[in-house]
$ cat coords_2.txt   # compact mmCIF, C-alpha atoms
# COMPACT_ATOMS: atom_id res chain seq x y z
CA MET A 983 174.74 209.14 142.04
CA PHE A 984 172.04 208.37 139.52
CA VAL A 985 174.45 206.23 137.54
CA VAL A 986 175.55 204.32 140.64
CA LEU A 987 171.99 203.52 141.74
CA GLU A 988 170.88 202.55 138.24
CA ALA A 989 173.94 200.35 137.82
CA ALA A 990 173.16 198.67 141.14
CA ALA A 991 169.57 198.04 140.03
CA ILE A 992 170.61 196.67 136.65
CA SER A 993 173.22 194.37 138.18
CA LEU A 994 170.45 193.05 140.44
CA ILE A 995 168.27 192.38 137.39
CA VAL A 996 171.07 190.53 135.67
CA SER A 997 172.03 188.47 138.70
CA ASN A 998 168.41 187.48 139.18
CA ASN A 999 168.16 186.05 135.69
CA SER A 1000 169.75 182.70 136.43
CA GLN A 1001 167.42 179.72 136.64
CA GLN A 1002 168.82 178.64 139.94
CA GLY A 1003 170.63 180.52 142.62
CA SER A 1004 170.50 182.77 145.60
CA VAL A 1005 167.11 184.05 146.59
CA PHE A 1006 167.94 186.42 149.38
CA PHE A 1007 166.51 189.58 147.80
CA ASN A 1008 163.32 187.87 146.96
CA SER A 1009 159.97 186.96 148.35
CA ALA A 1010 161.46 183.79 149.83
CA ASN A 1011 163.58 185.60 152.41
CA GLN A 1012 162.69 185.47 156.08
CA LEU A 1013 160.94 188.82 156.48
CA SER A 1014 158.95 188.96 153.25
CA GLY A 1015 158.21 185.25 153.54
CA ASN A 1016 156.63 185.75 156.92
CA ILE A 1017 154.59 188.73 155.78
CA LEU A 1018 153.31 186.81 152.75
CA ASN A 1019 152.61 183.79 154.90
CA THR A 1020 150.44 185.85 157.24
CA GLN A 1021 148.67 187.43 154.29
CA SER A 1022 147.99 184.05 152.74
CA ASN A 1023 146.69 182.72 156.04
CA VAL A 1024 144.05 185.43 155.94
CA PHE A 1025 143.13 185.21 152.26
CA ASP A 1026 143.16 181.40 152.17
CA TYR A 1027 139.69 181.19 153.64
CA PHE A 1028 138.21 182.59 150.45
CA SER A 1029 139.57 179.75 148.33
CA LEU A 1030 138.78 176.90 150.72
CA VAL A 1031 135.76 175.70 148.78
CA SER A 1032 137.54 175.32 145.46
CA VAL A 1033 140.62 173.80 147.09
CA ASN A 1034 138.50 171.20 148.85
CA LYS A 1035 136.70 170.36 145.66
CA ALA A 1036 139.95 169.88 143.75
CA LEU A 1037 141.34 167.66 146.52
CA LEU A 1038 138.20 165.57 146.55
CA GLU A 1039 138.46 165.00 142.81
CA LYS A 1040 142.13 164.08 143.08
CA ASN A 1041 141.34 161.69 145.91
CA THR A 1042 138.72 159.96 143.84
CA VAL A 1043 141.18 159.42 141.02
CA LEU A 1044 143.82 158.12 143.43
CA LEU A 1045 141.35 155.74 145.05
CA GLN A 1046 140.56 154.25 141.67
CA GLU A 1047 144.27 153.85 140.92
CA LEU A 1048 144.88 152.28 144.30
CA GLU A 1049 142.23 149.69 143.63
CA ARG A 1050 144.34 148.33 140.79
CA TYR A 1051 147.43 147.92 142.95
CA ARG A 1052 145.82 146.29 145.96
CA GLN A 1053 147.51 142.93 146.60
CA PRO A 1054 145.31 139.86 146.87
CA ALA A 1055 145.89 138.07 150.16
CA ASP A 1056 147.75 135.15 148.62
CA SER A 1057 150.29 137.09 146.55
CA ILE A 1058 153.95 137.70 147.31
CA ILE A 1059 155.98 140.82 146.55
CA ILE A 1060 159.23 140.34 144.66
CA PRO A 1061 161.59 143.30 145.17
CA LEU A 1062 163.08 144.48 141.89
CA ASP A 1063 166.26 146.41 141.24
CA THR A 1064 166.44 150.12 140.37
CA LEU A 1065 164.80 149.50 137.03
CA MET A 1066 161.39 149.43 138.64
CA ALA A 1067 162.11 151.01 142.01
CA SER A 1068 160.54 154.30 142.88
CA ASN A 1069 162.78 157.08 141.56
CA TYR A 1070 160.81 159.93 142.90
CA GLN A 1071 160.05 161.38 146.27
CA PHE A 1072 157.11 163.70 146.81
CA LYS A 1073 156.45 166.54 149.23
CA GLY A 1074 153.55 168.94 149.68
CA ALA A 1075 153.56 172.71 150.17
CA LYS A 1076 151.32 175.73 150.19
CA ILE A 1077 151.68 178.67 147.79
CA ILE A 1078 151.95 181.95 149.67
CA ASN A 1079 152.77 184.25 146.79
CA ASN A 1080 151.89 184.03 143.14
CA SER A 1081 151.88 186.21 140.07
CA ILE A 1082 150.55 185.49 136.60
CA ASN A 1083 150.51 188.81 134.82
CA LEU A 1084 154.17 189.66 134.31
CA SER A 1085 156.31 187.99 131.68
CA GLN A 1086 158.54 186.32 134.23
CA ASN A 1087 156.40 185.02 137.01
CA PHE A 1088 157.46 183.40 140.26
CA LEU A 1089 155.70 181.66 143.11
CA THR A 1090 156.74 181.38 146.73
CA ILE A 1091 155.98 178.31 148.82
CA ASN A 1092 155.96 177.88 152.57
CA LYS A 1093 158.51 175.04 152.73
CA GLY A 1094 162.25 175.48 152.57
CA ALA A 1095 165.61 173.81 153.14
CA LYS A 1096 164.42 172.80 156.61
CA ASP A 1097 161.76 170.57 155.04
CA GLY A 1098 164.08 169.04 152.47
CA ILE A 1099 163.25 171.27 149.51
CA LYS A 1100 166.15 171.54 147.08
CA GLU A 1101 166.96 173.68 144.07
CA GLY A 1102 165.70 172.23 140.81
CA MET A 1103 162.82 170.18 142.21
CA GLY A 1104 159.76 169.94 140.01
CA VAL A 1105 156.50 171.51 141.21
CA PHE A 1106 153.02 170.41 140.16
CA ASN A 1107 149.51 170.24 141.55
CA GLU A 1108 146.52 168.01 141.01
CA GLU A 1109 145.81 169.66 137.65
CA GLY A 1110 149.27 169.69 136.10
CA VAL A 1111 152.76 171.16 136.02
CA VAL A 1112 153.32 174.38 137.96
CA GLY A 1113 157.06 175.07 137.73
CA ARG A 1114 160.45 174.35 139.15
CA VAL A 1115 162.26 175.42 142.33
CA LYS A 1116 164.68 178.29 141.73
CA GLY A 1117 166.19 178.65 145.16
CA VAL A 1118 165.52 177.90 148.81
CA THR A 1119 165.95 179.63 152.12
CA LYS A 1120 165.50 178.04 155.50
CA ASN A 1121 161.72 178.24 155.62
CA PHE A 1122 160.62 179.22 152.14
CA ALA A 1123 161.39 178.49 148.53
CA SER A 1124 161.06 180.46 145.34
CA VAL A 1125 159.57 178.67 142.34
CA ILE A 1126 159.89 179.65 138.68
CA SER A 1127 156.37 179.43 137.35
CA LEU A 1128 155.64 177.68 134.08
CA LEU A 1129 154.44 181.18 133.21
CA HIS A 1130 158.01 182.39 132.84
CA THR A 1131 159.20 183.15 129.33
CA GLU A 1132 162.50 181.39 129.86
CA LEU A 1133 161.46 178.11 131.43
CA LEU A 1134 161.39 175.10 129.12
CA VAL A 1135 159.68 171.89 130.18
CA SER A 1136 160.47 168.73 128.31
CA SER A 1137 157.15 167.35 127.12
CA LYS A 1138 155.56 164.85 124.81
CA ILE A 1139 152.25 164.32 123.10
CA GLU A 1140 150.62 161.50 124.98
CA SER A 1141 149.01 159.65 122.08
CA SER A 1142 151.87 159.77 119.56
CA GLU A 1143 154.88 159.94 121.91
CA VAL A 1144 156.32 162.88 119.95
CA PHE A 1145 158.68 165.04 121.99
CA GLY A 1146 158.84 168.79 122.30
CA SER A 1147 159.41 171.58 124.78
CA THR A 1148 156.70 173.60 126.42
CA LYS A 1149 157.41 177.29 126.77
CA TRP A 1150 155.19 180.19 127.72
CA ASP A 1151 155.05 183.05 125.24
CA GLY A 1152 154.08 185.74 127.74
CA ARG A 1153 150.64 186.48 126.37
CA ASP A 1154 147.88 184.57 128.04
CA SER A 1155 148.16 182.84 131.40
CA LYS A 1156 146.03 179.96 130.11
CA LYS A 1157 148.00 179.17 126.95
CA ALA A 1158 151.54 178.17 126.07
CA LYS A 1159 153.50 176.99 123.05
CA LEU A 1160 154.82 173.53 122.30
CA LEU A 1161 158.14 173.96 120.51
CA TYR A 1162 160.40 171.76 118.38
CA VAL A 1163 157.73 169.46 116.96
CA PRO A 1164 158.73 168.75 113.33
CA ARG A 1165 156.35 169.54 110.48
CA HIS A 1166 155.75 165.99 109.38
CA VAL A 1167 154.13 164.99 112.65
CA ASP A 1168 150.41 164.39 112.42
CA LEU A 1169 148.57 166.07 115.28
CA GLN A 1170 144.99 166.36 116.37
CA VAL A 1171 143.47 169.25 118.21
CA GLY A 1172 142.61 167.89 121.63
CA ASP A 1173 145.72 165.71 122.01
CA LYS A 1174 147.06 165.71 125.55
CA VAL A 1175 150.53 167.04 126.29
CA VAL A 1176 152.35 165.57 129.31
CA THR A 1177 155.85 165.69 130.80
CA SER A 1178 158.29 163.41 129.03
CA GLY A 1179 160.48 162.26 131.87
CA TYR A 1180 163.59 162.99 129.82
CA ASN A 1181 164.50 166.03 131.83
CA ALA A 1182 165.03 164.29 135.17
CA VAL A 1183 162.88 166.91 136.90
CA PHE A 1184 159.38 165.55 136.51
CA PRO A 1185 158.21 161.97 136.43
CA GLU A 1186 156.73 160.94 133.13
CA GLY A 1187 153.10 161.68 132.42
CA ILE A 1188 152.21 164.71 134.52
CA PRO A 1189 149.67 166.74 132.53
CA ILE A 1190 150.79 170.01 130.97
CA GLY A 1191 147.90 170.81 128.70
CA GLU A 1192 145.86 170.08 125.64
CA ILE A 1193 146.53 171.10 122.03
CA ILE A 1194 144.03 173.71 120.89
CA GLU A 1195 145.64 175.04 117.74
CA VAL A 1196 148.15 173.77 115.19
CA ALA A 1197 149.61 176.05 112.55
CA GLN A 1198 152.55 175.90 110.17
CA GLY A 1199 155.45 177.78 111.74
CA ALA A 1200 156.40 181.01 109.97
CA GLU A 1201 159.90 180.18 108.84
CA THR A 1202 161.23 177.18 110.71
CA ASN A 1203 160.95 173.45 110.28
CA TYR A 1204 158.68 173.22 113.25
CA LEU A 1205 154.98 173.43 113.79
CA ASP A 1206 153.48 176.32 115.71
CA ILE A 1207 151.43 174.57 118.37
CA THR A 1208 149.35 176.32 121.00
CA ILE A 1209 148.31 174.38 124.07
CA GLU A 1210 145.84 175.19 126.75
CA LEU A 1211 147.52 174.69 130.11
CA ALA A 1212 146.02 172.11 132.42
CA THR A 1213 146.89 174.17 135.48
CA ASP A 1214 144.78 177.20 136.28
CA PHE A 1215 147.52 179.48 137.58
CA SER A 1216 145.11 182.05 138.92
CA ARG A 1217 143.87 179.50 141.46
CA VAL A 1218 146.88 177.37 142.43
CA SER A 1219 147.04 177.12 146.20
CA TYR A 1220 148.56 173.79 147.20
CA VAL A 1221 151.32 172.05 145.28
CA TYR A 1222 153.38 168.88 145.31
CA LEU A 1223 157.14 168.86 144.91
CA VAL A 1224 158.96 166.00 143.32
CA GLU A 1225 162.60 165.07 143.70
CA ASN A 1226 164.30 162.63 141.39
CA LEU A 1227 166.39 160.44 143.65
CA PHE A 1228 168.62 159.39 140.79
CA GLU A 1229 169.15 162.84 139.33
CA ASP A 1230 172.86 162.96 140.20
CA GLU A 1231 173.39 159.58 138.66
CA LEU A 1232 171.55 160.62 135.49
CA GLN A 1233 173.50 163.85 135.29
CA SER A 1234 176.80 161.99 135.60
CA LEU A 1235 175.91 159.98 132.51
CA ASP A 1236 175.41 163.10 130.43
CA PRO A 1237 178.50 163.41 128.21
CA SER A 1238 178.20 167.19 128.12
CA ASN A 1239 179.25 167.42 131.78
CA MET B 365 163.26 219.28 158.75
CA ASN B 366 161.92 218.47 162.20
CA SER B 367 161.40 215.04 163.69
CA ASN B 368 157.69 215.14 163.00
CA ARG B 369 158.30 215.44 159.26
CA ILE B 370 160.82 212.60 159.32
CA PHE B 371 158.33 210.43 161.17
CA LEU B 372 155.71 211.21 158.53
CA LEU B 373 158.15 210.35 155.75
CA ILE B 374 159.11 206.99 157.24
CA GLY B 375 155.50 206.19 158.12
CA GLY B 376 154.40 207.02 154.59
CA PHE B 377 157.16 204.86 153.17
CA LEU B 378 156.05 201.83 155.19
CA ILE B 379 152.35 202.39 154.54
CA TYR B 380 152.85 202.66 150.77
CA LEU B 381 155.15 199.63 150.74
CA ILE B 382 152.81 197.42 152.75
CA ILE B 383 149.67 198.48 150.89
CA GLN B 384 151.45 197.88 147.61
CA VAL B 385 152.66 194.38 148.37
CA VAL B 386 149.75 193.11 150.44
CA LEU B 387 146.73 194.58 148.69
CA LEU B 388 147.59 196.07 145.32
CA LYS B 389 149.89 193.26 144.23
CA ASN B 390 146.92 191.00 143.64
CA MET B 391 144.78 193.75 142.17
CA VAL B 392 145.46 193.46 138.45
CA VAL B 393 142.36 194.52 136.57
CA PHE B 394 141.58 192.38 133.48
CA GLY B 395 145.06 190.87 133.80
CA PHE B 396 146.81 193.87 132.32
CA ALA B 397 146.12 197.00 134.37
CA PHE B 398 148.62 197.02 137.22
CA CYS B 399 148.39 199.37 140.16
CA PHE B 400 151.88 200.60 141.01
CA LEU B 401 150.57 203.18 143.44
CA TYR B 402 153.93 203.43 145.24
CA VAL B 403 155.14 205.92 142.62
CA LEU B 404 152.76 208.40 144.25
CA TYR B 405 154.92 208.36 147.38
CA ILE B 406 157.95 209.57 145.41
CA LEU B 407 155.83 212.09 143.49
CA LEU B 408 154.49 213.57 146.71
CA LEU B 409 157.79 213.98 148.54
CA PRO B 410 158.29 217.60 149.63
CA LEU B 411 159.19 220.02 146.86
CA GLU B 412 162.44 221.26 148.34
CA MET B 413 163.92 217.81 148.79
CA LYS B 414 167.18 217.37 146.86
CA THR B 415 167.59 214.85 144.06
CA VAL B 416 170.05 212.57 145.89
CA PRO B 417 167.86 211.87 148.95
CA VAL B 418 164.87 211.37 146.67
CA MET B 419 166.83 208.84 144.64
CA LEU B 420 168.00 207.02 147.76
CA ILE B 421 164.43 206.79 149.04
CA ALA B 422 163.32 205.60 145.60
CA PHE B 423 166.02 202.96 145.61
CA GLY B 424 164.88 201.67 149.00
CA LEU B 425 161.20 201.69 148.07
CA GLY B 426 161.83 200.07 144.70
CA LEU B 427 163.93 197.35 146.27
CA GLY B 428 161.25 196.69 148.88
CA VAL B 429 158.59 196.30 146.21
CA ASP B 430 160.90 194.16 144.06
CA VAL B 431 161.49 191.72 146.88
CA PHE B 432 157.80 190.95 147.06
CA TYR B 433 157.19 190.97 143.33
CA ASP B 434 160.19 188.68 142.64
CA THR B 435 161.26 191.14 139.98
CA LEU B 436 164.61 191.98 141.50
CA GLY B 437 165.90 195.35 140.29
CA LEU B 438 163.04 196.16 137.92
CA HIS B 439 160.98 198.43 140.12
CA THR B 440 164.20 199.82 141.56
CA ALA B 441 165.65 200.82 138.19
CA SER B 442 162.48 202.49 136.94
CA LEU B 443 161.72 204.25 140.23
CA VAL B 444 165.24 205.65 140.52
CA ALA B 445 164.93 207.00 136.99
CA LEU B 446 161.65 208.66 137.98
CA ALA B 447 163.26 210.14 141.09
CA PHE B 448 166.19 211.40 139.05
CA LEU B 449 163.99 213.33 136.64
CA ARG B 450 161.48 214.51 139.23
CA ASN B 451 163.38 217.62 140.31
CA PHE B 452 164.23 218.66 136.72
CA TRP B 453 160.59 218.39 135.86
CA LEU B 454 159.58 220.35 138.96
CA LYS B 455 162.00 223.11 138.01
CA ILE B 456 160.54 223.32 134.52
CA LEU B 457 157.00 223.48 135.90
CA THR B 458 157.76 226.22 138.47
CA PRO B 459 154.81 228.62 138.46
CA THR B 460 155.46 232.34 138.23
CA GLY B 461 156.55 233.50 141.65
CA GLY B 462 158.02 230.12 142.57
CA TYR B 463 156.78 227.42 144.90
CA ASP B 464 155.76 228.02 148.50
CA GLU B 465 158.06 226.60 151.11
CA ASN B 466 157.63 223.06 152.43
CA LEU B 467 154.85 222.34 150.06
CA GLN B 468 153.73 218.91 149.00
CA PRO B 469 153.18 218.81 145.23
CA SER B 470 149.75 217.25 145.61
CA ILE B 471 146.54 217.83 143.76
CA LEU B 472 145.10 219.70 146.74
CA ASN B 473 147.91 222.21 146.94
CA MET B 474 148.69 222.68 143.27
CA GLY B 475 145.43 222.07 141.47
CA PHE B 476 144.25 219.42 139.07
CA GLY B 477 145.85 220.75 135.89
CA TRP B 478 149.27 221.30 137.39
CA PHE B 479 149.29 217.88 139.01
CA THR B 480 148.42 216.23 135.70
CA TYR B 481 151.27 218.03 133.94
CA TYR B 482 153.58 217.03 136.77
CA SER B 483 152.63 213.42 137.40
CA LEU B 484 151.54 212.01 134.08
CA PRO B 485 154.87 212.26 132.19
CA LEU B 486 156.72 210.82 135.19
CA ILE B 487 154.26 207.94 135.55
CA ILE B 488 154.52 207.28 131.81
CA LEU B 489 158.31 207.22 132.09
CA HIS B 490 158.24 204.85 135.04
CA HIS B 491 155.78 202.43 133.48
CA THR B 492 157.41 202.43 130.06
CA LEU B 493 160.79 201.65 131.60
CA PHE B 494 159.36 198.98 133.87
CA PHE B 495 157.47 197.07 131.22
CA TYR B 496 160.19 197.56 128.62
CA ILE B 497 162.90 196.04 130.84
CA GLU B 498 160.50 193.37 132.02
CA ASN B 499 159.89 192.23 128.46
CA ILE B 500 163.39 192.38 127.03
CA GLY B 501 163.92 189.09 125.30
CA THR B 502 160.29 188.53 124.44
CA ASN B 503 158.89 189.81 121.18
CA LEU B 504 155.60 191.03 122.53
CA PHE B 505 154.68 194.48 121.42
CA PHE B 506 150.95 194.98 121.60
CA PRO B 507 150.39 193.14 124.90
CA VAL B 508 153.10 195.29 126.47
CA VAL B 509 151.74 198.55 125.09
CA GLN B 510 148.33 197.52 126.33
CA LYS B 511 149.74 196.85 129.79
CA ILE B 512 151.58 200.18 129.83
CA ILE B 513 148.60 202.28 128.79
CA ALA B 514 146.10 200.50 131.01
CA SER B 515 148.41 200.70 134.02
CA ILE B 516 149.16 204.39 133.49
CA ILE B 517 145.47 205.24 133.43
CA PHE B 518 144.77 203.04 136.44
CA VAL B 519 147.60 204.47 138.54
CA TYR B 520 146.76 208.05 137.57
CA VAL B 521 143.11 207.66 138.53
CA MET B 522 144.01 205.83 141.74
CA SER B 523 146.51 208.50 142.71
CA ILE B 524 143.88 211.20 142.34
CA ILE B 525 141.38 209.20 144.40
CA VAL B 526 143.92 208.48 147.12
CA GLN B 527 144.91 212.11 147.38
CA LEU B 528 141.35 213.31 147.60
CA MET B 529 140.50 210.71 150.22
CA PHE B 530 143.56 210.53 152.45
CA TYR B 531 145.51 213.76 152.09
CA ARG B 532 144.94 217.10 153.68
CA ARG B 533 145.87 220.47 152.25
CA ARG B 534 149.50 221.40 152.90
CA ARG B 535 150.28 218.40 155.13
CA GLY B 536 151.17 214.79 154.48
CA LEU B 537 149.06 211.81 155.44

$ encode --input "coords_2.txt" --output "structure tokens"
Amino acid sequence: MFVVLEAAAISLIVSNNSQQGSVFFNSANQLSGNILNTQSNVFDYFSLVSVNKALLEKNTVLLQELERYRQPADSIIIPLDTLMASNYQFKGAKIINNSINLSQNFLTINKGAKDGIKEGMGVFNEEGVVGRVKGVTKNFASVISLLHTELLVSSKIESSEVFGSTKWDGRDSKKAKLLYVPRHVDLQVGDKVVTSGYNAVFPEGIPIGEIIEVAQGAETNYLDITIELATDFSRVSYVYLVENLFEDELQSLDPSN
Amino acid sequence: MNSNRIFLLIGGFLIYLIIQVVLLKNMVVFGFAFCFLYVLYILLLPLEMKTVPVMLIAFGLGLGVDVFYDTLGLHTASLVALAFLRNFWLKILTPTGGYDENLQPSILNMGFGWFTYYSLPLIILHHTLFFYIENIGTNLFFPVVQKIIASIIFVYVMSIIVQLMFYRRRRGL
């Protein structure tokens, strides 16, 4: 009996390890989703002030950006082909469940298949990258947090355009590692790290963090870079989801498929 | 076992599950001391309960907690292991003259020293298993040991407080 139950539990652990897939036994299912939603409705009031402040700051930045794109009255718009067309579609959602202290953390959001959320969509907020959708149910979706020791996010250093992968090492919820940056690259502490746009999940240039420490890697050809994450995961409450409209087309070009 | 006892068991199960996932889930002191108070429910099941029902209850409770923690199978595996060893451990700790019938192995009925001998090794087992499986694949040693030790102390202290506050002698909840 003991063996049977333990085997069942371990098979559940193994099946849950995939990056995408079914999320029935998970906080995104109907019952637990509703309970968490109710809970978050109650506890949300305590974070209203900081959420409002963050939104106000984001709005200010967007207003400044918008000013640059405003068309003078006498200009005409020339439609371009897919080269310049908008590749990305955005959606908003609220976090109803979050964890930061385990080594494989997940978030749950209050939008699901009904609202057009799909597996593999990128998730970010006004500060920076948050994670990636693991699976969806009708009303909720489960998101792999950037604070998950197996999630890699394709990134680059903004100033020098050097590519790497951001991965959390499981220690501190404010810091992560930037992997696969060769030793010869010249880096400065304080350089910004952003998404690279090579991974077809995130648009280019969403903040990930800032380099705070550069060391020679112990035995590899790569530098050991520590970054401070732009997103404060202990406070994330509202997020944006991004879908790459050309993801299928990009995937079909990949020779490894 | 009369219907009143069964009602108490089911009620306790739901109360522990809901308190765990709604309140204690977000209560992680300093970022490394977790409060897995639900193990107390399995520890305090009646003494004469057989291993198989205890394991089935543990499986259900573990799965319920896992669903909310998004750690599918982790809590389940470690809680079933705890449930499996619980009755062995109880047998070893039998006081001279045996246990009274229908007794709850709580701090009020059995005393502080006995409860420590009984609960602490089982809590240590549960937490070690949980954090070990959780961190397979990462090469973190000290952060994990820190989490294990801090959580064990936290849960042990909380379980004593909860028993003193909410339990009565000889009866559940």

$ interface_residues --input "coords_2.txt" --of "chain B" --to "chain A" --cutoff "9 Å" --atoms "only C-alpha atoms" --output "VMD selection string"
chain B and resid 385 to 386 389 to 390 392 395 to 396 398 416 419 to 420 423 427 to 428 430 to 442 444 to 445 448 495 498 to 499 501 to 504 507

$ residues_around --input "coords_2.txt" --residues "Gly1191 in chain A" --least-positions-apart "3" --cutoff "9 Å" --atoms "all atoms listed in the file" --output "NGL selection string"
:A and (1110-1111 or 1157-1158 or 1173-1176 or 1209-1213)

$ atom_distance --input "coords_2.txt" --atom1 "CA of Asn1181 in chain A" --atom2 "CA of Val1118 in chain A"
20.7 Å

$ closest_residue --input "coords_2.txt" --among "B:Ile379, B:His491, B:Asn368, B:Lys455" --to "Val519 in chain B" --atoms "all atoms listed in the file"
B:His491

$ atom_distance --input "coords_2.txt" --atom1 "CA of Ala447 in chain B" --atom2 "CA of Leu378 in chain B"
17.9 Å

$ residues_around --input "coords_2.txt" --residues "range 1145-1150 of chain A" --least-positions-apart "4" --cutoff "6 Å" --atoms "all atoms listed in the file" --output "JSON, numbers by chain"
{"A": [1129, 1131, 1134, 1135, 1136, 1137, 1138, 1158, 1159, 1160, 1161, 1162, 1163]}

$ atom_distance --input "coords_2.txt" --atom1 "CA of Gly477 in chain B" --atom2 "CA of Val508 in chain B"
28.1 Å

$ residues_around --input "coords_2.txt" --residues "Glu465 in chain B" --least-positions-apart "4" --cutoff "10 Å" --atoms "all atoms listed in the file" --output "PyMOL selection string"
chain B and resi 410-412

$ decode --input "coords_2.txt" --residues "range 1005-1041 of chain A" --atoms "C-alpha atoms" --output "short mmCIF file (atom, residue, chain, number, x, y, z; two decimals), in the first residue's frame"
data_model
loop_
_atom_site.label_atom_id
_atom_site.label_comp_id
_atom_site.auth_asym_id
_atom_site.auth_seq_id
_atom_site.Cartn_x
_atom_site.Cartn_y
_atom_site.Cartn_z
CA VAL A 1005 -2.69 21.69 -15.20
CA PHE A 1006 -5.65 19.89 -13.74
CA PHE A 1007 -4.07 18.94 -10.41
CA ASN A 1008 -2.85 22.40 -9.85
CA SER A 1009 -3.87 25.74 -8.52
CA ALA A 1010 -5.35 26.64 -11.90
CA ASN A 1011 -8.21 24.14 -11.68
CA GLN A 1012 -11.76 25.29 -11.15
CA LEU A 1013 -12.13 24.69 -7.42
CA SER A 1014 -8.74 25.84 -6.18
CA GLY A 1015 -8.79 28.70 -8.67
CA ASN A 1016 -12.02 30.00 -7.24
CA ILE A 1017 -10.81 29.68 -3.66
CA LEU A 1018 -7.60 31.54 -4.48
CA ASN A 1019 -9.54 34.15 -6.41
CA THR A 1020 -11.74 34.85 -3.39
CA GLN A 1021 -8.71 34.99 -1.14
CA SER A 1022 -6.95 37.41 -3.45
CA ASN A 1023 -10.05 39.59 -3.63
CA VAL A 1024 -9.82 40.01 0.12
CA PHE A 1025 -6.06 40.49 0.42
CA ASP A 1026 -5.80 42.77 -2.63
CA TYR A 1027 -6.92 45.78 -0.66
CA PHE A 1028 -3.67 45.77 1.27
CA SER A 1029 -1.57 46.21 -1.86
CA LEU A 1030 -3.74 48.80 -3.59
CA VAL A 1031 -1.46 51.71 -2.76
CA SER A 1032 1.68 50.19 -4.22
CA VAL A 1033 -0.18 48.85 -7.26
CA ASN A 1034 -1.61 52.27 -7.99
CA LYS A 1035 1.78 53.87 -7.64
CA ALA A 1036 3.38 51.40 -10.05
CA LEU A 1037 0.59 51.94 -12.58
CA LEU A 1038 0.95 55.69 -12.35
CA GLU A 1039 4.67 55.44 -13.04
CA LYS A 1040 4.09 53.13 -16.00
CA ASN A 1041 1.45 55.50 -17.34
#
